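Undergrad: I have a structure here, written as structure tokens, and I will follow up with some questions on it.
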Amino acid sequence: MNETHVLEKPPEGANADWTIPQNWASYTAAEHAVWDTLFARQVKMLPGRASNAFLRGLDMLRLSRPGIPDFKELSARLMEATGWQVVAVPGLVPDDVFFDHLANRRFVAGNFIRRADQLDYLQEPDVFHDVFGHVPMLADPVFADYMAAYGRGGLRALEHGSLEKLARLYWYTVEFGLVQEAEGLRIYGAGIVSSRGESLFALDDPSPNRIGFDLKRVMRTGYRIDDYQQNYFVIPSFEELLRVTIETDFAPLYAQLETLPDIAIAEIVPQDRVITRGTQAYAGRRGAA
Ligand code: PHE
Ligand code: FE
């Protein structure tokens with residue numbers, strides 16, 4: 001889901017750029033069935049919840065056969081739409097490797113799938129999260145450009161030692177973003193759309209804050225990786241997200257952020273454009289359980 005790494009160099013059998021073969025032929029019938037169950041379940045609940053761009057992009061995943069997508073077939077279609085590909089990697093890869101792939105329009109995905117008794121929750125991203133969650137948005141030309149720009153920005157952030165700040169932008173857009181559409185608030189973040197529970201929680205629950213997106217504000221806000229979010233940030237459109245991130249030179253922003261304290265996770269600050277002030281009644285429930 002994010003880009004924290006575990007290994008120092010590519011493991012046995014991986015290429016120099018950390019990619020590995022997906023080995024589509026070795027998935028079992030039970031593994032394909034897990035994909036089909038999750039796919040049917042999410043597709044049914046997402047109309048009226050997911051952004052129009054995501055719903056349009058879902059067609060990208062309707063391949064010539066059911067089950068876990070074959071990255072070769074998927075990449076050929078995605079390449080035609082927006083120039084992106086999906087490549088398999090063994091779990092989490094180093095930050096510079098991750099950013100270099102993104103900058104070159106290659107989305108790195110795990111090739112394993114969760115077990116049938118883990119449909120609702122999993123800590124590490126599996127192929128359902130990576131492909132169902134991320135690929136539909138990569139089929140959108142504007143979001144596709146944003147992701148590649150993020151990869152280039154990541155390589156710069158590494159040089160500035162500001163990765164933690166930039167990672168918050170990824171978290172609150174690519175993984176857990178909301179967008180304001182004419183019909184209402186919609187989800188587009190991969191961590192939400194690939195989760196049944198959070199697809200409901202992010203839009204309907206009174207607990208979390210929903211706050212208008214502001215680049216600097218987001219980069220001052222930490223996040224939790226072990227439960228539903230306590231804040232969601234709402235962009236006005238993907239065009240606007242792309243515009244503000246591309247037109248802003250992050251180098252002076254990183255320097256300024258060094259001098260500013262972080263904002264506590266659930267805190268609302270006076271400059272916030274608050275869409276929903278959350279009760280935070282849910283916060284920590286899973287942690288406490
Ligand atoms: N404009 C950013 C920079 O100067 C790069 C970037 C673009 C980062 C899009 C994130 C998303 O580093
Ligand atoms: Fe992810």
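Residue numbering restarts at 1 in every chain; chains get A, B, ... in the order shown in the structure tokens, and ligands count up from 1 in that same order.
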Go through range 80-180 of chain A residue by residue and, counting only C-alpha atoms, keep those with an atom at most 9 Å from range 39-58 of chain A; for each kept residue give the shortest atom pair and its distance in Å to one decimal, ordered by chain and increasing number, as CSV.
TA:
residue,atom,partner,partner_atom,distance
A:Phe128,CA,A:Phe39,CA,8.2
A:Phe132,CA,A:Phe39,CA,7.6
A:Val135,CA,A:Gly57,CA,7.4
A:Pro136,CA,A:Gly57,CA,3.9
A:Met137,CA,A:Phe54,CA,5.3
A:Leu138,CA,A:Gly57,CA,7.6
A:Ala139,CA,A:Gly57,CA,5.4
A:Asp140,CA,A:Ala53,CA,6.3
A:Phe143,CA,A:Ala53,CA,8.9
A:Leu178,CA,A:Ser51,CA,8.3
A:Val179,CA,A:Ser51,CA,7.1
A:Gln180,CA,A:Ser51,CA,8.7
Undergrad: Would you output that residue set with C-alpha atoms, as a short mmCIF file (atom, residue, chain, number, x, y, z; two decimals), in the first residue's frame?
TA:
data_model
loop_
_atom_site.label_atom_id
_atom_site.label_comp_id
_atom_site.auth_asym_id
_atom_site.auth_seq_id
_atom_site.Cartn_x
_atom_site.Cartn_y
_atom_site.Cartn_z
CA PHE A 128 -6.86 -7.57 -5.06
CA PHE A 132 -8.79 -3.77 -8.18
CA VAL A 135 -5.79 -0.06 -11.88
CA PRO A 136 -9.20 1.54 -12.61
CA MET A 137 -7.84 5.00 -11.71
CA LEU A 138 -4.73 4.35 -13.81
CA ALA A 139 -7.08 4.02 -16.79
CA ASP A 140 -8.09 7.66 -16.28
CA PHE A 143 -5.00 10.38 -12.76
CA LEU A 178 -12.44 11.43 -1.67
CA VAL A 179 -13.60 13.65 -4.54
CA GLN A 180 -16.49 16.11 -4.68
#
Undergrad: Excluding Phe71 in chain A and any residue of its chain fewer than 2 positions from it, enumerate the residues within 10 Å of it, using only C-alpha atoms, and give them as a ChimeraX atom specification.
TA: /A:21-24,68-69,73-78,85-88,109,111,131
Undergrad: Restrict the calculation to only C-alpha atoms, then for each residue of range 153-238 of chain A with any atom at most 12 Å from an atom of range 94-100 of chain A give the closest atom pair and their distance in Å to one decimal, rows by chain and rising residue number, as a Markdown table.
TA:
| residue | atom | partner | partner_atom | distance |
| --- | --- | --- | --- | --- |
| A:Gly153 | CA | A:Phe99 | CA | 8.1 |
| A:Gly154 | CA | A:Phe99 | CA | 5.7 |
| A:Leu155 | CA | A:Phe99 | CA | 6.1 |
| A:Arg156 | CA | A:Phe99 | CA | 9.6 |
| A:Ala157 | CA | A:Asp96 | CA | 10.0 |
| A:Leu158 | CA | A:Asp96 | CA | 7.6 |
| A:Glu159 | CA | A:Asp96 | CA | 10.2 |
| A:Gly161 | CA | A:Asp95 | CA | 11.8 |
| A:Leu163 | CA | A:Asp95 | CA | 8.9 |
| A:Glu164 | CA | A:Asp95 | CA | 11.1 |
| A:Leu166 | CA | A:Phe99 | CA | 11.6 |
| A:Ala167 | CA | A:Asp95 | CA | 10.3 |
| A:Tyr170 | CA | A:Phe99 | CA | 11.7 |
Undergrad: Within 10 Å of ligand 1, counting only C-alpha atoms and all ligand atoms: which residues, as number ranges by chain?
TA: A: 145-158, 160, 166-167, 169-170, 173, 215, 241-254
Undergrad: Write the selection just made, keeping N, CA, C and O atoms, as a compact mmCIF listing (two decimals), in the first residue's frame?
TA:
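Everything below was put into selection14.txt:
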# COMPACT_ATOMS: atom_id res chain seq x y z
N ASP A 145 -1.57 10.61 -15.28
CA ASP A 145 -0.50 11.62 -15.29
C ASP A 145 -0.08 11.98 -13.87
O ASP A 145 1.10 12.21 -13.60
N TYR A 146 -1.05 12.05 -12.98
CA TYR A 146 -0.74 12.38 -11.57
C TYR A 146 0.18 11.32 -10.96
O TYR A 146 1.16 11.65 -10.29
N MET A 147 -0.10 10.06 -11.20
CA MET A 147 0.70 8.98 -10.63
C MET A 147 2.13 8.99 -11.15
O MET A 147 3.08 8.74 -10.40
N ALA A 148 2.29 9.28 -12.45
CA ALA A 148 3.65 9.35 -13.01
C ALA A 148 4.39 10.57 -12.44
O ALA A 148 5.58 10.48 -12.10
N ALA A 149 3.68 11.69 -12.30
CA ALA A 149 4.29 12.90 -11.73
C ALA A 149 4.69 12.63 -10.28
O ALA A 149 5.74 13.09 -9.81
N TYR A 150 3.87 11.86 -9.57
CA TYR A 150 4.19 11.51 -8.18
C TYR A 150 5.49 10.72 -8.12
O TYR A 150 6.32 10.92 -7.24
N GLY A 151 5.67 9.81 -9.07
CA GLY A 151 6.91 9.03 -9.11
C GLY A 151 8.13 9.92 -9.29
O GLY A 151 9.13 9.78 -8.58
N ARG A 152 8.03 10.89 -10.19
CA ARG A 152 9.15 11.84 -10.39
C ARG A 152 9.36 12.67 -9.12
O ARG A 152 10.49 12.92 -8.69
N GLY A 153 8.25 13.07 -8.52
CA GLY A 153 8.32 13.84 -7.27
C GLY A 153 8.94 13.03 -6.15
O GLY A 153 9.64 13.58 -5.29
N GLY A 154 8.68 11.72 -6.15
CA GLY A 154 9.25 10.86 -5.11
C GLY A 154 10.76 10.80 -5.19
O GLY A 154 11.45 10.84 -4.17
N LEU A 155 11.28 10.73 -6.42
CA LEU A 155 12.74 10.69 -6.59
C LEU A 155 13.36 11.99 -6.08
O LEU A 155 14.41 11.99 -5.44
N ARG A 156 12.66 13.12 -6.31
CA ARG A 156 13.13 14.42 -5.78
C ARG A 156 13.04 14.46 -4.26
O ARG A 156 13.95 14.96 -3.59
N ALA A 157 11.94 13.95 -3.71
CA ALA A 157 11.75 13.99 -2.25
C ALA A 157 12.85 13.19 -1.55
O ALA A 157 13.30 13.57 -0.47
N LEU A 158 13.29 12.11 -2.17
CA LEU A 158 14.37 11.31 -1.59
C LEU A 158 15.63 12.16 -1.43
O LEU A 158 16.31 12.09 -0.42
N HIS A 160 15.75 15.34 -1.04
CA HIS A 160 15.53 16.35 0.00
C HIS A 160 15.34 15.72 1.38
O HIS A 160 15.16 16.45 2.36
N LEU A 166 5.97 13.62 1.68
CA LEU A 166 5.37 13.29 0.39
C LEU A 166 4.50 12.04 0.49
O LEU A 166 3.46 11.94 -0.17
N ALA A 167 4.90 11.09 1.34
CA ALA A 167 4.12 9.86 1.48
C ALA A 167 2.71 10.16 2.01
O ALA A 167 1.75 9.45 1.70
N LEU A 169 0.92 12.68 1.14
CA LEU A 169 0.13 13.06 -0.03
C LEU A 169 -0.40 11.81 -0.74
O LEU A 169 -1.56 11.76 -1.14
N TYR A 170 0.46 10.82 -0.89
CA TYR A 170 0.04 9.55 -1.52
C TYR A 170 -1.08 8.92 -0.69
O TYR A 170 -2.11 8.48 -1.22
N THR A 173 -4.44 10.80 -0.93
CA THR A 173 -5.06 10.90 -2.27
C THR A 173 -5.16 9.50 -2.86
O THR A 173 -6.23 8.90 -2.85
N LEU A 215 -2.81 21.09 -0.02
CA LEU A 215 -1.55 20.37 -0.16
C LEU A 215 -0.68 20.43 1.10
O LEU A 215 -0.23 19.40 1.62
N LEU A 241 -6.27 18.40 -8.66
CA LEU A 241 -5.19 17.71 -7.93
C LEU A 241 -3.91 17.68 -8.76
O LEU A 241 -2.82 17.97 -8.27
N LEU A 242 -4.05 17.35 -10.03
CA LEU A 242 -2.89 17.30 -10.92
C LEU A 242 -2.28 18.69 -11.07
O LEU A 242 -1.06 18.86 -10.97
N ARG A 243 -3.14 19.68 -11.27
CA ARG A 243 -2.66 21.04 -11.49
C ARG A 243 -1.85 21.53 -10.29
O ARG A 243 -0.71 21.96 -10.42
N VAL A 244 -2.43 21.43 -9.09
CA VAL A 244 -1.76 22.01 -7.93
C VAL A 244 -0.46 21.27 -7.59
O VAL A 244 0.54 21.89 -7.20
N THR A 245 -0.41 19.96 -7.80
CA THR A 245 0.81 19.23 -7.46
C THR A 245 1.91 19.46 -8.50
O THR A 245 3.09 19.52 -8.18
N ILE A 246 1.51 19.60 -9.76
CA ILE A 246 2.50 19.82 -10.82
C ILE A 246 3.03 21.25 -10.79
O ILE A 246 4.22 21.50 -10.99
N GLU A 247 2.14 22.21 -10.51
CA GLU A 247 2.55 23.62 -10.55
C GLU A 247 3.31 24.04 -9.30
O GLU A 247 3.97 25.07 -9.30
N THR A 248 3.22 23.26 -8.23
CA THR A 248 3.93 23.61 -7.00
C THR A 248 5.33 23.02 -7.03
O THR A 248 5.49 21.82 -7.27
N ASP A 249 6.34 23.84 -6.80
CA ASP A 249 7.69 23.33 -6.60
C ASP A 249 7.77 22.88 -5.14
O ASP A 249 7.65 23.71 -4.23
N PHE A 250 7.95 21.59 -4.92
CA PHE A 250 7.89 21.06 -3.55
C PHE A 250 9.14 21.39 -2.74
O PHE A 250 9.11 21.29 -1.51
N ALA A 251 10.24 21.76 -3.38
CA ALA A 251 11.50 21.98 -2.62
C ALA A 251 11.32 23.05 -1.53
O ALA A 251 11.62 22.79 -0.36
N PRO A 252 10.82 24.25 -1.88
CA PRO A 252 10.61 25.25 -0.81
C PRO A 252 9.53 24.82 0.19
O PRO A 252 9.60 25.17 1.36
N LEU A 253 8.56 24.06 -0.30
CA LEU A 253 7.51 23.57 0.60
C LEU A 253 8.11 22.61 1.65
O LEU A 253 7.81 22.71 2.84
N TYR A 254 8.98 21.71 1.21
CA TYR A 254 9.63 20.79 2.15
C TYR A 254 10.43 21.59 3.19
O TYR A 254 10.42 21.26 4.37
Undergrad: Give the answer as one residue: which of A:Glu175, A:Asp204, A:Glu267, A:Glu239 has the shortest atom-to-atom distance to ligand 2, using only C-alpha atoms and all ligand atoms?
TA: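 Closest to ligand 2, using only C-alpha atoms and all ligand atoms: A:Glu175.
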Undergrad: Out of A:Phe201, A:Tyr282, A:Tyr172, A:Phe238, which residue has the shortest atom-to-atom distance to Pro141 in chain A when counting only C-alpha atoms?
TA: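 Smallest separation from Pro141 in chain A among the options: A:Phe238.
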Undergrad: With distances taken over only C-alpha atoms, which residue among A:Gln256, A:Thr37, A:Gln280, A:Thr19 lies nearest Arg115 in chain A?
TA: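 Once distances to Arg115 in chain A are computed over only C-alpha atoms, the minimum belongs to A:Thr37.
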Undergrad: Neighbouring residues of ligand 2 are defined here as those with any atom at most 8 Å from a ligand atom, counting only C-alpha atoms and all ligand atoms; list them as a list of chain:residue names.
TA: A:Met1, A:Asn2, A:Pro125, A:His129, A:Asp130, A:Gly133, A:His134, A:Val174, A:Glu175, A:Ala190, A:Gly191
Undergrad: Put those residues in a file: C-alpha atoms, as a short mmCIF file (atom, residue, chain, number, x, y, z; two decimals), in the first residue's frame.
TA:
data_model
loop_
_atom_site.label_atom_id
_atom_site.label_comp_id
_atom_site.auth_asym_id
_atom_site.auth_seq_id
_atom_site.Cartn_x
_atom_site.Cartn_y
_atom_site.Cartn_z
CA MET A 1 0.00 0.00 0.00
CA ASN A 2 2.72 2.44 0.86
CA PRO A 125 -1.53 -5.18 0.05
CA HIS A 129 -5.92 -4.32 -3.38
CA ASP A 130 -3.18 -3.51 -5.89
CA GLY A 133 -7.94 -0.75 -6.03
CA HIS A 134 -5.40 1.00 -8.25
CA VAL A 174 -4.03 7.68 -4.03
CA GLU A 175 -4.94 5.42 -1.09
CA ALA A 190 -7.49 2.39 -3.58
CA GLY A 191 -7.48 1.56 0.14
#
Undergrad: List every residue of range 189-220 of chain A that DSSP, applied to the backbone of this structure, places in strand (DSSP E), and write the result as a ChimeraX atom specification.
TA: /A:209-212
Undergrad: Could you write out the selected residues, including N, CA and C atoms, as a PDB file, in the first residue's frame?
TA:
ATOM      1  N   ASN A 209     -13.375  12.929  10.165  1.00  0.00           N
ATOM      2  CA  ASN A 209     -13.441  14.264   9.570  1.00  0.00           C
ATOM      3  C   ASN A 209     -13.362  14.138   8.061  1.00  0.00           C
ATOM      4  N   ARG A 210     -14.092  14.989   7.367  1.00  0.00           N
ATOM      5  CA  ARG A 210     -13.944  15.107   5.907  1.00  0.00           C
ATOM      6  C   ARG A 210     -13.627  16.574   5.637  1.00  0.00           C
ATOM      7  N   ILE A 211     -12.434  16.801   5.097  1.00  0.00           N
ATOM      8  CA  ILE A 211     -11.858  18.146   5.028  1.00  0.00           C
ATOM      9  C   ILE A 211     -11.445  18.452   3.593  1.00  0.00           C
ATOM     10  N   GLY A 212     -11.689  19.689   3.148  1.00  0.00           N
ATOM     11  CA  GLY A 212     -11.261  20.089   1.812  1.00  0.00           C
ATOM     12  C   GLY A 212      -9.755  19.933   1.661  1.00  0.00           C
TER      13      GLY A 212
END
Undergrad: Quick check for you: according to DSSP on this backbone, which residues of range 3-230 of chain A are classed as alpha helix (DSSP H)? Reply as a PyMOL selection string.
TA: chain A and resi 29-45+52-57+71-82+95-103+127+134-138+141-160+163-170+190-193+196-204+215-219
Undergrad: So, with only C-alpha atoms as the atoms that count, which of A:Ile187, A:Leu38, A:Ala283, A:Met219 lies closest to Leu200 in chain A?
TA: A:Ile187
